[in-house]
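First comes the structure, then the notes that go with it.
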Amino acid sequence: MASPCRFFASPVKFTFVLDPLDRLDPGHDSTVALMEATQARGHEVFVTQASSLGVKEGRAVATVRPVRFVPVELNEAGDRWLAGEQWFEYAGEASPMELDAMDAVFMRTDPPVDTAYLYATYILDYVDPRQTLVVNRPSGLRHANEKMYGLRFAEWMPRTIVSAEKDAIQAFVTQEGRAVLKPIGGKAGEGILFLEDGDRNFNSLVEIATLRGTLPVMVQQFLPEAKDGDKRIILLDGEPIGAVNRIPTGSDFRGNMAVGGRVAKVNVTDRERDICKAIAPVLQRDGLYFVGLDVIGGYVTEVNVTSPTGIREIDRLDGVSLGDRTIAWVEGRCAQLRAD
């Protein structure tokens with residue numbers, strides 16, 4: 001294990017609230033990359049699940065378990081991360097602990113943002129922010145629906161409406177010619193539909209997506225640039241620190257990695273830096289420190305705040321370590337808390 005970082009005389013403790021560890025993909029999941037970086041910088045890594053969170057005597061508690069990792073390695077071709085069959089091991093038994101005893105807590109449970117997820121954020125509100133940094137801030141997670149939050153930056157978004165009314169959606173699609181319908185609570189490209197004026201399936205598609213007019217959906221102008229890729233930009237405390245392009249393959253118009261989009265090296269453009277600069281103060285105000293910004297053709301399409309991915313792909317393509325950079329930033333914030 002590496003020596004503790006220069007900010008601390010002894011290792012600090014990080015807890016990651018995540019999905020079951022054995023279900024994660026160590027060669028892809030950003031959560032694993034963050035935990036590996038935490039370990040590499042000499043800190044203790046604990047894991048727990050949202051269902052293990054609670055409040056006792058007014059303080060957030062969880063059943064946590066220490067864990068160690070065998071870091072992934074690039075294959076000889078440099079195009080894939082390799083992990084051993086036993087890529088992690090528990091370093092002790094699970095035990096209850098007040099989360100205030102941790103230096104940092106990462107909320108990295110994957111969507112959907114359902115009732116259980118929301119309850120977890122309510123519990124994490126009882127972590128004392130004067131002692132422990134929570135990434136991302138629980139109130140910010142509740143505040144920032146990943147589809148709707150972008151509307152706060154409407155000047156940087158494609159033309160968009162939100163509605164459950166078929167007539168309103170039909171009028172928008174007729175005006176635009178083509179549009180993309182997104183479930184507001186969706187994730188990883190699930191349920192996204194391509195709508196085209198004159199499609200004989202239009203009524204059925206909208207009825208299914210809106211649960212017969214009872215559930216609003218987001219409908220956006222279709223951007224032809226989507227064929228060239230859907231760019232994921234990773235922001236750390238409002239600053240863009242890396243990006244990866246996700247390009248549709250086959251007959252699917254979606255570029256999401258979860259539906260088979262291929263990834264490619266890409267730079268952050270001047271316009272995209274302007275976007276990041278414009279939205280950074282709002283992200284910082286809401287405590288959204290680690291964010292995945294999705295951009296197509298120079299327009300923001302989503303702001304991902306729950307468990308943004310992309311670290312592994314950017315690290316491989318650019319020869320960097322965004323996990324290390326992120327944990328170094330967290331160390332600095334933790335040092336400030338200790339000093340105050």
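Going through the structure tokens in order, the chains are called A, B, and so on, while each chain numbers its residues from 1 and the ligands are numbered from 1 in the order shown.
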Could you name the residues that touch segment 211-216 of chain A at 9 Å or less, counting only C-alpha atoms, but leaving out those on the same chain fewer than 2 positions away, as a CSV table (one decimal) with N, CA, C and O atoms, in the first residue's frame?
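Wrote it out as result18.csv, contents follow:
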chain,number,residue,atom,x,y,z
A,162,VAL,N,-41.1,19.5,-22.1
A,162,VAL,CA,-41.5,18.4,-21.2
A,162,VAL,C,-43.0,18.4,-21.1
A,162,VAL,O,-43.6,19.4,-20.8
A,163,SER,N,-43.6,17.2,-21.4
A,163,SER,CA,-45.1,17.2,-21.4
A,163,SER,C,-45.5,15.7,-21.3
A,163,SER,O,-44.8,14.8,-21.7
A,164,ALA,N,-46.8,15.6,-20.9
A,164,ALA,CA,-47.4,14.2,-20.9
A,164,ALA,C,-48.5,14.3,-22.0
A,164,ALA,O,-49.2,13.2,-22.2
A,165,GLU,N,-48.7,15.4,-22.6
A,165,GLU,CA,-49.9,15.6,-23.6
A,165,GLU,C,-49.4,15.2,-25.0
A,165,GLU,O,-48.5,15.8,-25.5
A,166,LYS,N,-50.2,14.3,-25.5
A,166,LYS,CA,-49.9,13.8,-26.9
A,166,LYS,C,-49.9,14.9,-27.9
A,166,LYS,O,-49.0,15.0,-28.8
A,183,PRO,N,-37.6,9.2,-21.3
A,183,PRO,CA,-38.2,9.1,-19.9
A,183,PRO,C,-37.4,9.9,-18.9
A,183,PRO,O,-36.2,9.8,-18.9
A,184,ILE,N,-38.1,10.7,-18.1
A,184,ILE,CA,-37.4,11.6,-17.2
A,184,ILE,C,-36.6,10.8,-16.2
A,184,ILE,O,-35.6,11.3,-15.7
A,206,VAL,N,-46.1,7.2,-27.9
A,206,VAL,CA,-46.3,8.3,-26.9
A,206,VAL,C,-47.2,7.8,-25.8
A,206,VAL,O,-47.0,8.0,-24.6
A,207,GLU,N,-48.2,7.0,-26.1
A,207,GLU,CA,-49.1,6.4,-25.1
A,207,GLU,C,-48.3,5.5,-24.1
A,207,GLU,O,-48.5,5.6,-22.9
A,208,ILE,N,-47.4,4.7,-24.7
A,208,ILE,CA,-46.6,3.8,-23.8
A,208,ILE,C,-45.7,4.6,-23.0
A,208,ILE,O,-45.5,4.4,-21.8
A,209,ALA,N,-45.0,5.6,-23.6
A,209,ALA,CA,-44.0,6.4,-22.9
A,209,ALA,C,-44.6,7.2,-21.8
A,209,ALA,O,-44.0,7.4,-20.7
A,218,MET,N,-39.5,14.0,-21.6
A,218,MET,CA,-38.8,15.0,-22.2
A,218,MET,C,-38.7,14.7,-23.7
A,218,MET,O,-38.4,13.6,-24.1
Would you kindly return, as a list in words, each protein, DNA or RNA residue with an atom no farther than 9 Å from any atom of Leu283 of chain A, considering only C-alpha atoms and excluding same-chain residues fewer than 4 positions away?
Gly140, Asp237, Gly238, Ile279, Gly287, Leu288, Tyr289 and Val291 of chain A
6 Å contact set for segment 241-244 of chain A, only C-alpha atoms, chain neighbours under 2 positions out, as a list in words:
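Returned residues: Lys231, Arg232, Ile233, Ile234, Leu235, Lys265, Val266 and Ile314 of chain A.
Within segment 97-151 of chain A, residues classed as helix (DSSP H, G or I) by DSSP on backbone coordinates are Leu99, Asp100, Ala101, Thr115, Ala116, Tyr117, Leu118, Tyr119, Ala120, Thr121, Tyr122, Ile123, Leu124, Pro138, Ser139, Gly140, Leu141, Arg142, His143, Met148, Tyr149, Gly150 and Leu151 of chain A.
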With a distance cut-off of 7 Å and only C-alpha atoms, select the neighbouring residues of segment 52-66 of chain A, excluding the residue or stretch itself and same-chain residues fewer than 2 positions from it, and output the selection as a ChimeraX atom specification.
/A:45-50,90-99,120,123-124,126-127
Could those residues be written to a file, using N, CA, C and O atoms, as a short mmCIF file (atom, residue, chain, number, x, y, z; two decimals), in the first residue's frame?
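Output file again11.cif follows:
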data_model
loop_
_atom_site.label_atom_id
_atom_site.label_comp_id
_atom_site.auth_asym_id
_atom_site.auth_seq_id
_atom_site.Cartn_x
_atom_site.Cartn_y
_atom_site.Cartn_z
N VAL A 45 -10.55 1.81 2.47
CA VAL A 45 -11.77 1.79 1.67
C VAL A 45 -12.79 0.88 2.34
O VAL A 45 -12.50 -0.28 2.63
N PHE A 46 -13.98 1.43 2.57
CA PHE A 46 -15.10 0.67 3.10
C PHE A 46 -16.23 0.72 2.09
O PHE A 46 -16.37 1.70 1.35
N VAL A 47 -17.05 -0.33 2.08
CA VAL A 47 -18.21 -0.36 1.19
C VAL A 47 -19.46 -0.65 1.99
O VAL A 47 -19.42 -1.30 3.05
N THR A 48 -20.57 -0.16 1.47
CA THR A 48 -21.87 -0.44 2.05
C THR A 48 -22.91 -0.29 0.94
O THR A 48 -22.58 0.12 -0.18
N GLN A 49 -24.14 -0.62 1.25
CA GLN A 49 -25.23 -0.47 0.30
C GLN A 49 -26.29 0.46 0.89
O GLN A 49 -26.38 0.63 2.11
N ALA A 50 -27.10 1.02 0.01
CA ALA A 50 -28.11 1.96 0.46
C ALA A 50 -29.05 1.34 1.49
O ALA A 50 -29.50 2.01 2.42
N TYR A 90 -12.48 -8.91 0.83
CA TYR A 90 -12.86 -8.19 2.05
C TYR A 90 -11.73 -8.30 3.05
O TYR A 90 -11.12 -9.36 3.23
N ALA A 91 -11.45 -7.18 3.72
CA ALA A 91 -10.31 -7.12 4.64
C ALA A 91 -10.75 -7.16 6.09
O ALA A 91 -9.98 -6.81 7.00
N GLY A 92 -11.96 -7.58 6.34
CA GLY A 92 -12.49 -7.65 7.69
C GLY A 92 -13.98 -7.91 7.65
O GLY A 92 -14.59 -7.99 6.59
N GLU A 93 -14.56 -8.02 8.82
CA GLU A 93 -16.00 -8.28 8.91
C GLU A 93 -16.79 -6.98 8.80
O GLU A 93 -16.28 -5.88 9.07
N ALA A 94 -18.05 -7.11 8.42
CA ALA A 94 -18.94 -5.96 8.39
C ALA A 94 -19.28 -5.53 9.80
O ALA A 94 -19.46 -6.37 10.69
N SER A 95 -19.35 -4.23 10.02
CA SER A 95 -19.67 -3.71 11.35
C SER A 95 -20.39 -2.38 11.24
O SER A 95 -20.17 -1.63 10.28
N PRO A 96 -21.26 -2.07 12.21
CA PRO A 96 -21.95 -0.78 12.17
C PRO A 96 -20.99 0.35 12.52
O PRO A 96 -20.09 0.19 13.34
N MET A 97 -21.21 1.50 11.89
CA MET A 97 -20.32 2.63 12.13
C MET A 97 -21.08 3.92 11.84
O MET A 97 -21.90 3.98 10.92
N GLU A 98 -20.81 4.95 12.64
CA GLU A 98 -21.34 6.27 12.33
C GLU A 98 -20.57 6.83 11.14
O GLU A 98 -19.34 6.81 11.12
N LEU A 99 -21.29 7.34 10.15
CA LEU A 99 -20.63 7.83 8.95
C LEU A 99 -19.83 9.10 9.21
O LEU A 99 -18.95 9.44 8.42
N ALA A 120 -32.30 7.00 0.84
CA ALA A 120 -30.87 6.98 1.16
C ALA A 120 -30.29 8.39 1.22
O ALA A 120 -29.47 8.69 2.09
N ILE A 123 -31.21 9.98 4.48
CA ILE A 123 -30.36 9.50 5.58
C ILE A 123 -28.99 10.17 5.53
O ILE A 123 -28.44 10.58 6.56
N LEU A 124 -28.43 10.30 4.33
CA LEU A 124 -27.11 10.91 4.20
C LEU A 124 -27.11 12.40 4.58
O LEU A 124 -26.06 12.97 4.84
N TYR A 126 -27.94 13.33 7.31
CA TYR A 126 -27.56 13.32 8.72
C TYR A 126 -26.07 13.04 8.93
O TYR A 126 -25.63 12.84 10.05
N VAL A 127 -25.30 13.03 7.83
CA VAL A 127 -23.84 13.05 7.94
C VAL A 127 -23.43 14.50 8.18
O VAL A 127 -23.84 15.40 7.44
#
Counting only C-alpha atoms, figure out which residue out of A:Ala335, A:Ile192, A:Val134, A:Val70 gets nearest to Phe16 of chain A.
A:Val134
For the contact check between segment 284-311 of chain A and segment 34-38 of chain A, emit one row per residue of segment 284-311 of chain A within 12 Å, containing the shortest atom pair and the distance in Å rounded to one decimal, counting only C-alpha atoms, chain then rising number order, as a Markdown table.
| residue | atom | partner | partner_atom | distance |
| --- | --- | --- | --- | --- |
| A:Phe290 | CA | A:Leu34 | CA | 11.2 |
| A:Ser307 | CA | A:Leu34 | CA | 11.2 |
| A:Pro308 | CA | A:Leu34 | CA | 11.4 |
| A:Thr309 | CA | A:Leu34 | CA | 10.6 |
| A:Gly310 | CA | A:Leu34 | CA | 11.4 |
| A:Ile311 | CA | A:Leu34 | CA | 8.6 |
Excluding segment 157-160 of chain A and its own-chain neighbours fewer than 6 positions away, which residues fall within 9 Å of it when counting only C-alpha atoms? Please give them as number ranges by chain.
A: 150-151, 172, 218-223, 295, 298-302
Would you mind listing what lies within 8 Å of Gly229 of chain A as a PyMOL selection string, with only C-alpha atoms counted and same-chain residues fewer than 6 positions away left out?
chain A and resi 245-248+255+296
